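Step one of this worksheet: look at the structure below.
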Amino acid sequence: MCGIVGCLYPDLLDAETLGLRMLERIRYRGPDRGYLHLENKVFLGIRRLAIVNVDQGVQPTFSEDGSVVAVFNGEIYNHRELKSELLAKGFSVQDGSDAEIIPHAYQRWGLDFPNHLNGDFAIAIWDRSARRLVLARDRLGIKPLFFAPVPQGLVWASEVKALWAHPEVPRQLNTRYLGQLFTYWTGLDPLSSFEGVYQIEAGRVVVFNENGRQLNSRKYWEIPHQKSVPRFDGTFEECQEAFRAEMRKSVALRLQADVPVGTYTSGGIDSSIINVLAYNDLNHRETQTFSVAFEDQVFDESVFQREMVRHLQLDAHQVRCRGLDIYNQFPDVIGHTEAPVFRTAPVPMFLLSRCVSDAGLKVVLTGEGADEVAWGYDIFREAKIRQFWSRQPNSQARGSLFRKLYAYLPQFQNPRHFRLLVDFFRQDMQLTSQPLYSHQMRITNSRATHLFLHSDLKKNLAEQDPLQQLVASLPADYQQRTLLEKCQYLEMRTLLRGYLLSSQGDRMLSAHGVEGRFPFLDHHVIEFLAGVPERFRLRGLRDKHLLRETFRSDLPQKILERPKFAFRAPEVSVFIQDPDGMVEHHLNPKSLDEAGIFDATAVQQFRARLARIPTGRFSTRDNLAFVQMLSTQVLYDRFVRGAAATTPAESRRDVSITHGHNSCGQTRQPPNSTRSAA
């Protein structure tokens, strides 16, 4: 995990001061060292978290002729193979970290170079000869990359707060993005939470000229489906063998590091499989694993975590998360997410990455992504039942399948509650051709919170419908996908990319200088699973069938057959007493009116109603609305209203500065350059 920055700028800008300020704002992403390279009207910088070739992995990296300069955040797992290939083609690739291959890969393959990378990355390349900037982001959007147009230039960075070191980048919430977030839980790239600030879309390369004007934008990868990848035509047993081989290779690549690598153990099947492959298949016997336990037993999975630790005899570390921890840490967590959230789950992940850092580790493997690519979420089964039921809408038996789906939830054993559930899922169930069919129930739940929005924002949503924006962003081949493939696309496009990999993923990991690696999200694994028959992934209503059967002999029965248990944390219940007045500070009428996002009267009525509800009886919509409100107001208070207080100072401490010019040579440094270690 690193953090990159850069700027295209006019002559009058104090570029060195700006670069140092930007780097200081994201020091925690790369605590080991800072590097800043300045040229005529452009600079590139990085805060480095040293993982590969710890002592020599200096950035930026340069092509042999000095015409290409690059910085990047992330990991390129196939860098050894690419280096051999490039050397065979006559390129002179220096020894160093995986970053060394980037300038040469760009020279070899042009704008198609990311297609040759297997990894998680955000890359900035300055092409001196063409006087153009190239920004590229990995296929899934695991690594963040933001940019903002400024007068006569462009500024870019791994986090938005670094962009605000530039005086021309505005600080204003983006109501269009918020409208999306309040409708389907996350906003869509290329937008961000802030006006005038954009994201490089996942799987895309964007080219700018030296004045910051966009010249070109290319989508080099899209979430696959069965018609877009080679079809697997073997037996189920052969599929199990092939899937295990793909996963073993993915885990092996992600264990590559010159520092110790640990794992997360949630107590679910996905992280357990990562541990099995690392510890048993790949003999990674020094595995340290990290878990979260909750004071509130409703959310606690520690009994399953201990089961897996005993099974493999892992060296285990555990963080215990109390309700008070969530309350106390929530504002700082939003300072890292730089976006509103709809759950409090990022807080325990923030505490967990701190535990990893305190243990001296920089890298962890997690099971993130398995539910999306192996079809583990209830939303896949909900869509399948609703489609099946729609063929005989008067069938009581088909509607009763939801009881089987939610048998583990005690509230739905109550006949009245179950009838309400069935009536909820009956809504519009015959509209199976609608592009958002699989997610319509989630959207219905989320849009119920719109009643708390300010009238101006409601008007904006009516004029710029977030659902139309989502439909307009769908790929050209979307209608070729089956219902469940559409469901997977939407889940990966929204929840995974916009929340799990960012607010709950990268941002919580990087807050303490930790890098997360996700074997289930290797694009080869995703493409393999896209090509297998659907019944291998979802057999009847049995989720993740292929995954469960492939690793049946490796896992304790208690974990193997455990129903999906969504990782959640206590929500309204931990804020209702408001011991330090934090909630009142952010949700009082004056603060609400100033931000202009929520209707102050509606929010006060909502808070009064919550205060009358017994603890533990808050509904899904109550929790969703409250967390969205509070996180949005914290975001506004910290980054918009509190702008002056967050203006960064520059620091030369542990930053190496180089100055380069437009010429050629064969040294690791750019020709005619100087380096100073401050």
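To be explicit about the labels: the chains of the structure tokens are called A, B, and onward in the order shown, and within each one the residues are counted from 1, while ligands get numbers from 1 in the order they are shown.
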
Original post:
Using only C-alpha atoms, which residues sit within 8 Å of segment 561-575 of chain A once same-chain residues fewer than 6 positions away are excluded, as a count of residues only?
Top reply: 26

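The residue set within 12 Å of Val54 of chain A, counting only C-alpha atoms and dropping same-chain residues fewer than 2 places from it, reads Asp32, Arg33, Arg48, Leu49, Ala50, Ile51, Val52, Gln56, Gly57, Val58, Gln59, Asp95, Gly96, Ser97, Asp98, Ala257, Asp258, Val259, Pro260 and Lys362 of chain A.
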
Original post:
Skipping near chain neighbours, those fewer than 5 positions away, what residues fall within 12 Å of Glu286 of chain A using only C-alpha atoms, listed as JSON, numbers by chain?
Top reply: {"A": [255, 259, 260, 261, 262, 263, 275, 278, 279, 280, 312, 313, 314, 315, 316]}

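Residues in contact with Glu238 of chain A at up to 12 Å, not including ones fewer than 4 positions away on its chain and judged by only C-alpha atoms, are Phe232, Asp233, Gly234, Ala242, Phe243, Arg244, Ala245, Val532, Phe536, Leu546, Glu549 and Thr550 of chain A.
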
**OP:** Return as a ChimeraX atom specification the full set of residues in segment 59-270 of chain A whose backbone-based DSSP assignment is strand (DSSP E or B).
**Re:** /A:61-62,68-76,119-127,132-137,146-150,153-157,173,191,194,198-199,204-209,214-219,261-264

If we count only C-alpha atoms and set the cut-off at 10 Å, which residues sit around segment 351-361 of chain A, ignoring sequence neighbours fewer than 6 positions away in its own chain? Please answer as an mmCIF file with N, CA and C atoms, in the first residue's frame.
```
data_model
loop_
_atom_site.group_PDB
_atom_site.id
_atom_site.type_symbol
_atom_site.label_atom_id
_atom_site.label_comp_id
_atom_site.auth_asym_id
_atom_site.auth_seq_id
_atom_site.Cartn_x
_atom_site.Cartn_y
_atom_site.Cartn_z
ATOM 1 N N VAL A 259 8.622 -9.109 2.945
ATOM 2 C CA VAL A 259 8.234 -8.875 4.337
ATOM 3 C C VAL A 259 7.225 -9.960 4.705
ATOM 4 N N PRO A 260 6.970 -10.201 5.987
ATOM 5 C CA PRO A 260 5.997 -11.228 6.373
ATOM 6 C C PRO A 260 4.589 -10.897 5.867
ATOM 7 N N VAL A 261 3.844 -11.959 5.527
ATOM 8 C CA VAL A 261 2.476 -11.821 5.026
ATOM 9 C C VAL A 261 1.532 -12.548 5.961
ATOM 10 N N GLY A 262 0.491 -11.886 6.434
ATOM 11 C CA GLY A 262 -0.505 -12.497 7.304
ATOM 12 C C GLY A 262 -1.827 -12.688 6.594
ATOM 13 N N THR A 263 -2.863 -13.068 7.343
ATOM 14 C CA THR A 263 -4.201 -13.262 6.785
ATOM 15 C C THR A 263 -5.235 -12.688 7.739
ATOM 16 N N TYR A 264 -6.424 -12.464 7.208
ATOM 17 C CA TYR A 264 -7.593 -12.181 8.022
ATOM 18 C C TYR A 264 -8.406 -13.464 8.142
ATOM 19 N N GLN A 288 0.543 -15.591 10.385
ATOM 20 C CA GLN A 288 -0.134 -14.926 11.490
ATOM 21 C C GLN A 288 -1.499 -14.480 10.970
ATOM 22 N N THR A 289 -2.533 -14.739 11.744
ATOM 23 C CA THR A 289 -3.867 -14.369 11.291
ATOM 24 C C THR A 289 -4.524 -13.425 12.284
ATOM 25 N N PHE A 290 -5.434 -12.596 11.776
ATOM 26 C CA PHE A 290 -6.024 -11.513 12.553
ATOM 27 C C PHE A 290 -7.543 -11.544 12.423
ATOM 28 N N SER A 291 -8.228 -11.335 13.548
ATOM 29 C CA SER A 291 -9.687 -11.442 13.581
ATOM 30 C C SER A 291 -10.293 -10.359 14.458
ATOM 31 N N VAL A 292 -11.584 -10.078 14.208
ATOM 32 C CA VAL A 292 -12.360 -9.145 15.020
ATOM 33 C C VAL A 292 -13.398 -9.928 15.817
ATOM 34 N N ALA A 293 -13.442 -9.673 17.105
ATOM 35 C CA ALA A 293 -14.512 -10.196 17.967
ATOM 36 C C ALA A 293 -15.329 -9.008 18.462
ATOM 37 N N HIS A 317 -4.195 -13.436 16.319
ATOM 38 C CA HIS A 317 -4.342 -12.164 17.020
ATOM 39 C C HIS A 317 -5.816 -11.763 16.925
ATOM 40 N N GLN A 318 -6.355 -11.230 17.990
ATOM 41 C CA GLN A 318 -7.765 -10.861 17.984
ATOM 42 C C GLN A 318 -7.951 -9.443 18.519
ATOM 43 N N VAL A 319 -8.802 -8.683 17.836
ATOM 44 C CA VAL A 319 -9.219 -7.357 18.290
ATOM 45 C C VAL A 319 -10.645 -7.484 18.810
ATOM 46 N N ARG A 320 -10.884 -6.965 19.992
ATOM 47 C CA ARG A 320 -12.243 -6.969 20.541
ATOM 48 C C ARG A 320 -12.852 -5.588 20.350
ATOM 49 N N CYS A 321 -13.947 -5.533 19.640
ATOM 50 C CA CYS A 321 -14.585 -4.266 19.291
ATOM 51 C C CYS A 321 -15.811 -4.041 20.167
ATOM 52 N N ASP A 325 -16.099 1.735 21.121
ATOM 53 C CA ASP A 325 -15.047 1.895 20.122
ATOM 54 C C ASP A 325 -15.628 2.427 18.813
ATOM 55 N N ILE A 326 -16.775 1.880 18.426
ATOM 56 C CA ILE A 326 -17.410 2.328 17.184
ATOM 57 C C ILE A 326 -17.798 3.799 17.298
ATOM 58 N N GLN A 329 -14.442 6.030 17.358
ATOM 59 C CA GLN A 329 -13.596 6.022 16.169
ATOM 60 C C GLN A 329 -14.325 6.474 14.903
ATOM 61 N N VAL A 333 -12.741 7.493 11.188
ATOM 62 C CA VAL A 333 -12.937 6.540 10.091
ATOM 63 C C VAL A 333 -13.495 7.249 8.861
ATOM 64 N N GLY A 505 -12.340 -1.380 2.742
ATOM 65 C CA GLY A 505 -11.131 -2.081 2.329
ATOM 66 C C GLY A 505 -9.899 -1.204 2.348
ATOM 67 N N MET A 508 -9.397 1.542 5.143
ATOM 68 C CA MET A 508 -9.151 1.090 6.509
ATOM 69 C C MET A 508 -7.785 0.422 6.625
ATOM 70 N N LEU A 509 -7.356 -0.254 5.586
ATOM 71 C CA LEU A 509 -6.029 -0.863 5.583
ATOM 72 C C LEU A 509 -4.943 0.207 5.540
ATOM 73 N N SER A 510 -5.077 1.141 4.599
ATOM 74 C CA SER A 510 -4.038 2.149 4.402
ATOM 75 C C SER A 510 -3.929 3.121 5.566
ATOM 76 N N ALA A 511 -4.993 3.245 6.349
ATOM 77 C CA ALA A 511 -4.954 4.155 7.500
ATOM 78 C C ALA A 511 -3.823 3.811 8.454
ATOM 79 N N HIS A 512 -3.402 2.538 8.457
ATOM 80 C CA HIS A 512 -2.325 2.104 9.345
ATOM 81 C C HIS A 512 -1.158 1.498 8.567
ATOM 82 N N GLY A 513 -1.051 1.862 7.285
ATOM 83 C CA GLY A 513 0.087 1.404 6.504
ATOM 84 C C GLY A 513 0.085 -0.096 6.278
ATOM 85 N N VAL A 514 -1.080 -0.660 5.946
ATOM 86 C CA VAL A 514 -1.203 -2.097 5.676
ATOM 87 C C VAL A 514 -1.758 -2.288 4.266
ATOM 88 N N GLU A 515 -1.239 -3.280 3.571
ATOM 89 C CA GLU A 515 -1.724 -3.611 2.228
ATOM 90 C C GLU A 515 -2.590 -4.861 2.275
ATOM 91 N N GLY A 516 -3.767 -4.800 1.663
ATOM 92 C CA GLY A 516 -4.630 -5.961 1.543
ATOM 93 C C GLY A 516 -4.502 -6.597 0.171
#
```

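Distances from A:Pro340, A:Gly90, A:Gly30, A:Gly66 to Ala625 of chain A were compared using only C-alpha atoms, and the smallest one belongs to A:Pro340.
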
**OP:** Mind checking which residues fall within 12 Å of segment 177-179 of chain A, counting only C-alpha atoms, ignoring those fewer than 4 positions away in the same chain, and posting them as a PyMOL selection string?
**Re:** chain A and resi 172-173+183-199+339-342+446-447+449-450+453-454+456-470+498+597-598+628-629+631-633+635-636

**OP:** Would you please work out which residue, of A:Lys227, A:Arg416, A:Ser250, A:Arg306, is nearest to Thr482 of chain A when using only C-alpha atoms?
**Re:**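 Among the listed residues, the smallest separation from Thr482 of chain A belongs to A:Lys227.
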
**OP:** Have a look at atom CA of Ala611 of chain A and atom CA of Asp578 of chain A and let me know their distance in Å, one decimal.
**Re:** 11.0 Å
